[in-house]
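Text of start14.cif, listed as mmCIF, C-alpha atoms:
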```cif
data_work
loop_
_atom_site.label_atom_id
_atom_site.label_comp_id
_atom_site.auth_asym_id
_atom_site.auth_seq_id
_atom_site.Cartn_x
_atom_site.Cartn_y
_atom_site.Cartn_z
CA MET A 635 -22.98 1.65 -6.31
CA THR A 636 -23.10 5.13 -7.71
CA GLU A 637 -24.25 6.27 -11.09
CA SER A 638 -20.78 7.37 -12.07
CA THR A 639 -19.39 3.92 -11.40
CA MET A 640 -21.95 2.39 -13.67
CA THR A 641 -21.17 4.60 -16.61
CA LYS A 642 -17.47 3.95 -16.61
CA THR A 643 -15.97 1.85 -19.32
CA PRO A 644 -14.90 -1.67 -18.41
CA ALA A 645 -11.22 -0.84 -18.93
CA GLY A 646 -9.24 -1.43 -15.75
CA GLU A 647 -7.76 1.99 -15.24
CA THR A 648 -10.94 3.98 -15.71
CA ALA A 649 -12.95 1.75 -13.41
CA VAL A 650 -10.80 2.78 -10.48
CA GLN A 651 -10.76 6.47 -11.22
CA ARG A 652 -9.86 8.47 -8.17
CA ASN A 653 -12.86 9.56 -6.26
CA PRO A 654 -12.01 12.43 -3.93
CA GLN A 655 -14.75 11.34 -1.54
CA SER A 656 -13.43 7.88 -0.90
CA TRP A 657 -10.85 7.17 1.72
CA ARG A 658 -8.85 4.24 2.76
CA ARG A 659 -8.46 3.57 6.43
CA PRO A 660 -4.86 2.80 7.24
CA HIS A 661 -3.90 -0.08 9.43
CA TYR A 662 -2.79 1.37 12.74
CA SER A 663 -1.82 0.55 16.28
CA VAL A 664 -1.74 2.58 19.46
CA ARG A 665 0.67 2.01 22.30
CA GLU A 666 0.75 3.67 25.65
CA GLU A 667 3.95 4.51 27.39
CA SER A 668 4.40 6.33 30.67
CA GLU A 669 4.91 9.77 29.17
CA HIS A 670 3.22 9.51 25.81
CA PHE A 671 1.09 7.55 23.39
CA THR A 672 2.51 6.27 20.15
CA VAL A 673 0.27 5.82 17.14
CA VAL A 674 1.73 3.90 14.23
CA LEU A 675 -0.03 4.04 10.87
CA GLU A 676 0.75 2.17 7.68
CA VAL A 677 0.54 4.61 4.80
CA PRO A 678 2.46 3.10 1.90
CA GLY A 679 2.79 5.46 -1.02
CA ALA A 680 2.30 8.62 1.02
CA SER A 681 5.11 11.13 1.25
CA ARG A 682 5.77 14.01 3.62
CA ASP A 683 4.12 16.58 1.39
CA GLY A 684 0.84 14.74 1.40
CA LEU A 685 0.48 14.59 5.17
CA ASP A 686 -2.04 16.59 7.13
CA ILE A 687 -2.30 15.95 10.83
CA SER A 688 -4.75 17.92 12.94
CA LEU A 689 -6.16 17.82 16.42
CA GLU A 690 -9.50 19.43 16.94
CA LYS A 691 -10.88 19.22 20.46
CA ASP A 692 -10.40 15.53 21.17
CA VAL A 693 -10.38 14.21 17.61
CA LEU A 694 -7.07 13.50 15.96
CA THR A 695 -7.34 13.37 12.18
CA VAL A 696 -4.59 12.16 9.91
CA LEU A 697 -4.82 12.61 6.16
CA ALA A 698 -2.14 11.11 3.99
CA SER A 699 -2.48 11.49 0.28
CA ARG A 700 -0.76 9.07 -2.00
CA THR A 701 1.78 11.04 -3.90
CA HIS A 702 3.08 7.83 -5.32
CA ARG A 703 1.72 7.68 -8.81
CA THR A 704 2.15 5.50 -11.79
CA GLY A 705 4.28 6.61 -14.69
CA GLU A 706 3.32 8.33 -17.87
CA GLY A 707 1.54 6.10 -20.36
CA TRP A 708 1.23 3.11 -18.04
CA LYS A 709 -1.67 0.81 -18.69
CA THR A 710 -2.99 -0.99 -15.65
CA LEU A 711 -3.35 -4.71 -16.07
CA ARG A 712 -4.32 -5.59 -12.54
CA ARG A 713 -4.97 -3.45 -9.52
CA GLU A 714 -5.09 -4.53 -5.92
CA ILE A 715 -3.76 -1.45 -4.18
CA PRO A 716 -6.61 0.98 -3.48
CA THR A 717 -6.06 4.35 -5.10
CA ALA A 718 -7.86 6.28 -2.36
CA ASP A 719 -5.95 8.48 0.04
CA PHE A 720 -5.57 7.52 3.66
CA ARG A 721 -7.66 9.01 6.41
CA LEU A 722 -7.89 8.11 10.05
CA SER A 723 -9.82 9.87 12.79
CA LEU A 724 -9.21 8.90 16.37
CA LYS A 725 -11.21 10.13 19.29
CA LEU A 726 -8.84 10.66 22.17
CA ASN A 727 -10.19 9.94 25.60
CA VAL A 728 -7.14 11.27 27.41
CA ALA A 729 -5.71 14.74 27.44
CA VAL A 730 -2.62 15.16 25.28
CA ALA A 731 -0.27 18.09 24.97
CA ALA A 732 -1.47 19.28 21.58
CA ASP A 733 1.47 21.61 21.06
CA SER A 734 4.10 18.95 21.31
CA ILE A 735 2.68 16.23 19.09
CA SER A 736 5.38 15.02 16.76
CA ALA A 737 5.30 12.89 13.65
CA ALA A 738 7.84 10.94 11.68
CA LEU A 739 7.42 9.25 8.31
CA ALA A 740 9.71 6.51 7.06
CA ASP A 741 9.21 3.77 4.49
CA GLY A 742 5.46 4.10 4.48
CA ILE A 743 5.08 4.10 8.25
CA LEU A 744 3.87 7.21 10.02
CA THR A 745 4.69 7.36 13.72
CA LEU A 746 2.87 9.91 15.84
CA THR A 747 4.00 10.70 19.34
CA LEU A 748 1.32 12.24 21.52
CA PRO A 749 2.75 13.41 24.83
CA LYS A 750 0.32 13.13 27.70
CA ALA A 751 -0.89 16.35 29.22
CA ASP A 752 0.66 17.12 32.57
CA GLU A 753 -2.50 16.35 34.51
CA VAL A 754 -2.66 12.73 33.31
CA LYS A 755 1.02 11.88 33.59
CA PRO A 756 1.83 9.35 36.23
CA ARG A 757 3.59 10.88 39.17
CA ARG A 758 5.37 9.42 42.08
CA ILE A 759 4.52 10.76 45.44
CA SER A 760 7.38 10.78 47.80
CA VAL A 761 6.81 9.87 51.39
CA GLU A 762 8.14 12.42 53.74
CA MET B 1337 10.11 -25.34 -7.51
CA LYS B 1338 7.07 -23.41 -6.56
CA LEU B 1339 3.59 -23.83 -7.85
CA VAL B 1340 2.15 -20.48 -8.73
CA ARG B 1341 -1.10 -19.84 -10.44
CA TYR B 1342 -0.30 -18.52 -13.86
CA GLU B 1343 -1.76 -15.10 -14.30
CA TYR B 1344 -1.74 -13.79 -17.80
CA PRO B 1345 -0.55 -10.23 -17.55
CA GLN B 1346 -1.14 -9.93 -21.27
CA LEU B 1347 -4.85 -10.02 -20.66
CA PRO B 1348 -5.89 -6.42 -20.61
CA GLN B 1349 -8.60 -6.34 -17.97
CA VAL B 1350 -9.22 -7.63 -14.52
CA SER B 1351 -12.31 -9.74 -14.50
CA ASP B 1352 -15.60 -8.33 -13.30
CA ILE B 1353 -15.59 -10.68 -10.34
CA ASP B 1354 -12.16 -9.50 -9.31
CA ARG B 1355 -13.23 -5.95 -9.56
CA PHE B 1356 -16.28 -6.55 -7.43
CA PHE B 1357 -14.11 -7.66 -4.57
CA ASP B 1358 -11.49 -5.07 -5.26
CA PRO B 1359 -11.36 -2.65 -2.33
CA ALA B 1360 -10.15 0.03 -4.69
CA TRP B 1361 -13.40 -0.02 -6.55
CA SER B 1362 -15.21 3.00 -5.21
CA GLY B 1363 -18.58 1.39 -4.59
CA VAL B 1364 -17.20 -1.36 -2.40
CA GLY B 1365 -14.60 0.71 -0.59
CA ARG B 1366 -16.46 0.92 2.64
CA LEU B 1367 -17.40 -2.73 2.59
CA GLY B 1368 -13.76 -3.52 2.02
CA ASN B 1369 -12.82 -1.52 5.09
CA LEU B 1370 -15.46 -3.30 7.14
CA LEU B 1371 -14.19 -6.67 6.05
CA GLU B 1372 -10.68 -5.59 6.92
CA ASP B 1373 -11.83 -4.60 10.36
CA TRP B 1374 -13.50 -7.94 10.94
CA PHE B 1375 -11.08 -10.32 9.37
CA GLY B 1376 -7.85 -8.44 9.43
CA ARG B 1377 -6.08 -7.07 6.48
CA GLN B 1378 -4.44 -8.63 3.53
CA SER B 1379 -0.94 -7.49 4.35
CA GLY B 1380 -1.39 -8.65 7.92
CA SER B 1381 -1.59 -12.16 6.60
CA GLY B 1382 1.70 -11.70 4.82
CA VAL B 1383 0.46 -11.26 1.25
CA PRO B 1384 1.02 -7.67 0.22
CA ALA B 1385 -1.20 -6.00 -2.36
CA MET B 1386 0.21 -5.67 -5.84
CA ASP B 1387 -0.50 -3.71 -9.01
CA TRP B 1388 0.54 -4.64 -12.53
CA HIS B 1389 1.11 -2.05 -15.19
CA GLU B 1390 2.68 -1.98 -18.60
CA ASP B 1391 3.78 0.42 -21.24
CA ASP B 1392 5.29 -0.17 -24.66
CA GLY B 1393 8.67 -1.21 -23.39
CA HIS B 1394 8.13 -2.53 -19.86
CA TYR B 1395 5.96 -4.28 -17.38
CA TYR B 1396 5.81 -2.73 -13.92
CA ILE B 1397 4.90 -4.36 -10.64
CA GLN B 1398 4.15 -2.25 -7.59
CA ILE B 1399 3.89 -3.86 -4.19
CA GLU B 1400 3.02 -2.29 -0.87
CA LEU B 1401 5.66 -3.06 1.72
CA PRO B 1402 5.12 -0.53 4.50
CA GLY B 1403 7.66 -0.51 7.29
CA VAL B 1404 10.19 -2.59 5.44
CA LYS B 1405 13.76 -1.43 5.11
CA LYS B 1406 15.30 -1.54 1.67
CA ASP B 1407 17.94 -4.03 2.78
CA ALA B 1408 15.31 -6.42 4.07
CA ILE B 1409 13.81 -7.03 0.64
CA GLU B 1410 14.87 -10.07 -1.35
CA LEU B 1411 14.03 -10.52 -4.98
CA ASP B 1412 14.70 -13.84 -6.65
CA LEU B 1413 14.02 -14.92 -10.17
CA GLU B 1414 13.83 -18.62 -10.79
CA ASN B 1415 12.09 -20.46 -13.61
CA ALA B 1416 10.29 -17.33 -14.69
CA VAL B 1417 8.87 -16.86 -11.20
CA LEU B 1418 9.81 -13.68 -9.40
CA SER B 1419 9.68 -14.12 -5.63
CA ILE B 1420 9.58 -11.11 -3.39
CA ARG B 1421 10.28 -11.58 0.29
CA ALA B 1422 10.50 -8.83 2.81
CA GLU B 1423 10.91 -8.90 6.52
CA ARG B 1424 9.41 -6.23 8.68
CA ILE B 1425 10.50 -5.71 12.24
CA HIS B 1426 8.17 -3.98 14.65
CA LYS B 1427 9.97 -2.60 17.64
CA ASN B 1428 7.64 -2.46 20.57
CA GLY B 1429 9.71 -1.25 23.45
CA ASP B 1430 12.00 -4.16 24.14
CA ALA B 1431 9.84 -6.66 22.33
CA GLU B 1432 10.38 -7.32 18.67
CA GLU B 1433 7.91 -8.70 16.22
CA ARG B 1434 8.95 -9.99 12.83
CA VAL B 1435 6.55 -10.27 9.96
CA THR B 1436 7.51 -11.79 6.64
CA LEU B 1437 5.71 -10.51 3.60
CA SER B 1438 6.07 -12.54 0.48
CA ARG B 1439 4.59 -12.75 -2.93
CA SER B 1440 5.45 -14.66 -6.07
CA VAL B 1441 4.57 -13.61 -9.57
CA SER B 1442 4.95 -15.28 -12.91
CA VAL B 1443 7.12 -13.26 -15.20
CA PRO B 1444 5.48 -13.06 -18.62
CA GLU B 1445 7.27 -14.34 -21.67
CA GLY B 1446 9.42 -11.91 -23.53
CA VAL B 1447 10.97 -10.17 -20.55
CA SER B 1448 14.71 -9.62 -20.51
CA ALA B 1449 15.42 -11.31 -17.21
CA ASP B 1450 18.86 -9.80 -16.76
CA LYS B 1451 17.55 -6.26 -17.04
CA ILE B 1452 14.93 -6.41 -14.31
CA LYS B 1453 15.28 -3.49 -11.94
CA ALA B 1454 13.67 -2.63 -8.64
CA ALA B 1455 13.27 0.58 -6.68
CA PHE B 1456 11.85 1.17 -3.23
CA ALA B 1457 10.33 4.43 -2.04
CA ASP B 1458 7.74 5.37 0.59
CA GLY B 1459 6.93 1.76 1.34
CA ILE B 1460 6.21 0.84 -2.26
CA LEU B 1461 8.43 -1.46 -4.26
CA THR B 1462 8.42 -0.93 -8.00
CA VAL B 1463 9.87 -3.67 -10.17
CA THR B 1464 10.56 -2.79 -13.78
CA LEU B 1465 10.58 -5.70 -16.22
CA PRO B 1466 11.81 -4.62 -19.65
CA LYS B 1467 10.29 -6.36 -22.63
CA GLU B 1468 12.63 -7.94 -25.13
CA GLU B 1469 13.32 -5.90 -28.24
CA GLN B 1470 11.34 -8.15 -30.56
CA ARG B 1471 8.27 -7.97 -28.31
CA LYS B 1472 8.02 -4.23 -28.31
CA PRO B 1473 5.30 -2.78 -30.47
CA ARG B 1474 6.65 -1.11 -33.57
CA LYS B 1475 5.37 0.70 -36.56
CA ILE B 1476 6.01 -0.90 -39.90
CA ALA B 1477 6.70 1.51 -42.68
CA ILE B 1478 5.10 0.89 -46.05
CA LYS B 1479 7.58 1.01 -48.85
#
```

Translate the structure of the given file into structure tokens.
Amino acid sequence: MTESTMTKTPAGETAVQRNPQSWRRPHYSVREESEHFTVVLEVPGASRDGLDISLEKDVLTVLASRTHRTGEGWKTLRREIPTADFRLSLKLNVAVAADSISAALADGILTLTLPKADEVKPRRISVE
Amino acid sequence: MKLVRYEYPQLPQVSDIDRFFDPAWSGVGRLGNLLEDWFGRQSGSGVPAMDWHEDDGHYYIQIELPGVKKDAIELDLENAVLSIRAERIHKNGDAEERVTLSRSVSVPEGVSADKIKAAFADGILTVTLPKEEQRKPRKIAIK
């Protein structure tokens, strides 16, 4: 519990003031297919503009900020949805083709396609 | 007929206990994540997270429904209980997994039931419940 939390008023909306340091880990799943990996993240409330996907060495980092905000003059009566932005870091233990990573966002689901690097792709060896 | 715990949306604040367990509360955020990791997440069990807001003329409900298509959301109002049901289909190659998310909320008194509206964007459903005219706050002029 931080000092700033303690000093906030008991009113609902101020108690959950956005803290830029806090993150929410999205629910995610990883699936392997023969040519690529698919990572599916649940990021409800995030829109395209708030996405930041980066691959540094072998760490894939996804930031998705919630651009979905409440309206002007709304008073919060009850809050269950965390206000923090989404962040997920995944350490990749296989080589992926960093240049051809693609991402698609629809209805709060972010789908990342990570093509395997050529050296780890399965290959069939023909018998001569 | 469904039995739903009556939550008084008129009450201004969430209780301290609620807030302690609220993953949004900054101090407990990491603990919340840990618990999610161990026990699975709330929406995995089919109960999506929900926020309640109000302004002078409306109540607003926001519900997280990631991965749901707009057509797969059903909203029913019966006996002042608003039921939200949404089906999510995970396509996993040829396999298909269906998850039903549902949540019921008591609609507070003084809401014009026929004017309730809902909008869905970025995986968040926003239901707008307009208050009846006579319930809206108004200034009374002194003559």

The PyMOL selection byres ((chain A) within 7 of (chain B)) resolved against shown file, as a VMD selection string: chain A and resid 635 to 636 645 to 646 650 656 659 676 to 681 707 to 717 740 to 743

Distance query Ala737 (chain A) at most 12 Å, all atoms listed in the file, self and fewer than 5 positions along chain excluded, as number ranges by chain: A: 671-675, 682, 685-688, 696, 743-749

Serialized selection, C-alpha atoms, as a PDB file, keeping the file's coordinate frame:
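As written to disk, selection_19.pdb reads:
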```pdb
ATOM      1  CA  PHE A 671       1.090   7.550  23.390  1.00  0.00           C
ATOM      2  CA  THR A 672       2.510   6.270  20.150  1.00  0.00           C
ATOM      3  CA  VAL A 673       0.270   5.820  17.140  1.00  0.00           C
ATOM      4  CA  VAL A 674       1.730   3.900  14.230  1.00  0.00           C
ATOM      5  CA  LEU A 675      -0.030   4.040  10.870  1.00  0.00           C
ATOM      6  CA  ARG A 682       5.770  14.010   3.620  1.00  0.00           C
ATOM      7  CA  LEU A 685       0.480  14.590   5.170  1.00  0.00           C
ATOM      8  CA  ASP A 686      -2.040  16.590   7.130  1.00  0.00           C
ATOM      9  CA  ILE A 687      -2.300  15.950  10.830  1.00  0.00           C
ATOM     10  CA  SER A 688      -4.750  17.920  12.940  1.00  0.00           C
ATOM     11  CA  VAL A 696      -4.590  12.160   9.910  1.00  0.00           C
ATOM     12  CA  ILE A 743       5.080   4.100   8.250  1.00  0.00           C
ATOM     13  CA  LEU A 744       3.870   7.210  10.020  1.00  0.00           C
ATOM     14  CA  THR A 745       4.690   7.360  13.720  1.00  0.00           C
ATOM     15  CA  LEU A 746       2.870   9.910  15.840  1.00  0.00           C
ATOM     16  CA  THR A 747       4.000  10.700  19.340  1.00  0.00           C
ATOM     17  CA  LEU A 748       1.320  12.240  21.520  1.00  0.00           C
ATOM     18  CA  PRO A 749       2.750  13.410  24.830  1.00  0.00           C
TER      19      PRO A 749
END
```

Explicit residues for the PyMOL selection byres ((chain B and resi 1434) around 12) (as a PyMOL selection string): chain B and resi 1380+1382+1403-1404+1408+1422-1428+1431-1433+1435-1437

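Closest to Arg758 (chain A) among A:Thr695, A:Val730, A:Gly684, A:Ser668 is A:Ser668, based on all atoms listed in the file.
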
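Closest to Asp1450 (chain B) among B:Arg1421, B:Ile1409, B:Ala1416, B:Ile1478 is B:Ala1416, based on only C-alpha atoms.
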
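For the choices B:Asp1407, B:Lys1479, B:Pro1473, B:Glu1414, the atom-to-atom distance to Ala1449 (chain B) is smallest for B:Glu1414 when using all atoms listed in the file.
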
Output check: residues returned by the PyMOL selection byres ((chain B and resi 1451) around 10), as a PyMOL selection string: chain B and resi 1447-1450+1452-1454+1464-1468

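Atom to atom, CA of Leu739 (chain A) and CA of Asp719 (chain A) stand 15.7 Å apart.
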
Interatomic distance, CA of Val1417 (chain B) to CA of Arg1471 (chain B) (Å, one decimal): 19.3 Å

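From CA of Val728 (chain A) back to CA of Lys750 (chain A), the distance works out to 7.7 Å.
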
Completion step: region 715-726 of chain A with all heavy atoms as a CSV table (one decimal), in the frame of the given file:
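File written: result_28.csv
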```csv
chain,number,residue,atom,x,y,z
A,715,ILE,N,-4.0,-2.5,-5.1
A,715,ILE,CA,-3.8,-1.4,-4.2
A,715,ILE,C,-4.8,-0.4,-4.4
A,715,ILE,O,-5.0,0.2,-5.5
A,715,ILE,CB,-2.4,-0.8,-4.4
A,715,ILE,CG1,-1.3,-1.9,-4.3
A,715,ILE,CG2,-2.1,0.3,-3.4
A,715,ILE,CD1,0.1,-1.5,-4.6
A,716,PRO,N,-5.6,-0.1,-3.3
A,716,PRO,CA,-6.6,1.0,-3.5
A,716,PRO,C,-6.0,2.3,-3.8
A,716,PRO,O,-4.9,2.6,-3.3
A,716,PRO,CB,-7.3,1.0,-2.1
A,716,PRO,CG,-6.9,-0.2,-1.4
A,716,PRO,CD,-5.6,-0.6,-2.0
A,717,THR,N,-6.6,3.1,-4.7
A,717,THR,CA,-6.1,4.4,-5.1
A,717,THR,C,-6.5,5.5,-4.2
A,717,THR,O,-5.9,6.6,-4.3
A,717,THR,CB,-6.5,4.7,-6.5
A,717,THR,OG1,-7.9,4.6,-6.6
A,717,THR,CG2,-5.9,3.8,-7.5
A,718,ALA,N,-7.4,5.2,-3.2
A,718,ALA,CA,-7.9,6.3,-2.4
A,718,ALA,C,-6.8,6.7,-1.4
A,718,ALA,O,-5.8,6.0,-1.1
A,718,ALA,CB,-9.1,5.8,-1.6
A,719,ASP,N,-6.9,8.0,-1.0
A,719,ASP,CA,-6.0,8.5,0.0
A,719,ASP,C,-6.3,7.9,1.4
A,719,ASP,O,-7.4,7.5,1.7
A,719,ASP,CB,-6.0,10.0,0.0
A,719,ASP,CG,-5.4,10.6,-1.2
A,719,ASP,OD1,-4.6,9.9,-1.9
A,719,ASP,OD2,-5.8,11.7,-1.6
A,720,PHE,N,-5.3,8.0,2.3
A,720,PHE,CA,-5.6,7.5,3.7
A,720,PHE,C,-6.2,8.6,4.6
A,720,PHE,O,-5.9,9.7,4.5
A,720,PHE,CB,-4.2,7.1,4.3
A,720,PHE,CG,-3.6,6.0,3.6
A,720,PHE,CD1,-2.5,6.2,2.7
A,720,PHE,CD2,-3.9,4.7,3.9
A,720,PHE,CE1,-1.9,5.2,2.1
A,720,PHE,CE2,-3.3,3.6,3.2
A,720,PHE,CZ,-2.3,3.9,2.3
A,721,ARG,N,-7.1,8.1,5.4
A,721,ARG,CA,-7.7,9.0,6.4
A,721,ARG,C,-8.0,8.2,7.7
A,721,ARG,O,-8.6,7.1,7.6
A,721,ARG,CB,-8.9,9.7,5.9
A,721,ARG,CG,-9.4,10.7,7.0
A,721,ARG,CD,-10.6,11.5,6.6
A,721,ARG,NE,-11.8,10.6,6.4
A,721,ARG,CZ,-13.0,11.0,6.0
A,721,ARG,NH1,-13.2,12.2,5.8
A,721,ARG,NH2,-14.0,10.1,5.9
A,722,LEU,N,-7.6,8.8,8.8
A,722,LEU,CA,-7.9,8.1,10.0
A,722,LEU,C,-8.3,9.2,11.1
A,722,LEU,O,-7.6,10.2,11.2
A,722,LEU,CB,-6.7,7.3,10.6
A,722,LEU,CG,-6.8,6.6,11.9
A,722,LEU,CD1,-7.8,5.4,11.7
A,722,LEU,CD2,-5.5,6.1,12.4
A,723,SER,N,-9.4,9.0,11.7
A,723,SER,CA,-9.8,9.9,12.8
A,723,SER,C,-9.9,9.1,14.1
A,723,SER,O,-10.5,8.0,14.1
A,723,SER,CB,-11.2,10.4,12.5
A,723,SER,OG,-11.1,11.5,11.5
A,724,LEU,N,-9.2,9.6,15.1
A,724,LEU,CA,-9.2,8.9,16.4
A,724,LEU,C,-9.8,9.9,17.4
A,724,LEU,O,-9.3,11.0,17.5
A,724,LEU,CB,-7.8,8.5,16.8
A,724,LEU,CG,-7.1,7.4,15.9
A,724,LEU,CD1,-5.7,7.3,16.4
A,724,LEU,CD2,-7.8,6.1,16.0
A,725,LYS,N,-10.7,9.3,18.2
A,725,LYS,CA,-11.2,10.1,19.3
A,725,LYS,C,-10.4,9.8,20.5
A,725,LYS,O,-10.2,8.7,20.9
A,725,LYS,CB,-12.7,9.8,19.6
A,725,LYS,CG,-13.4,10.8,20.4
A,725,LYS,CD,-14.9,10.4,20.4
A,725,LYS,CE,-15.7,11.5,21.0
A,725,LYS,NZ,-15.3,12.0,22.3
A,726,LEU,N,-9.7,10.9,21.0
A,726,LEU,CA,-8.8,10.7,22.2
A,726,LEU,C,-9.6,10.8,23.5
A,726,LEU,O,-10.4,11.8,23.6
A,726,LEU,CB,-7.7,11.7,22.1
A,726,LEU,CG,-6.9,11.8,20.8
A,726,LEU,CD1,-5.9,12.9,20.9
A,726,LEU,CD2,-6.2,10.5,20.5
```
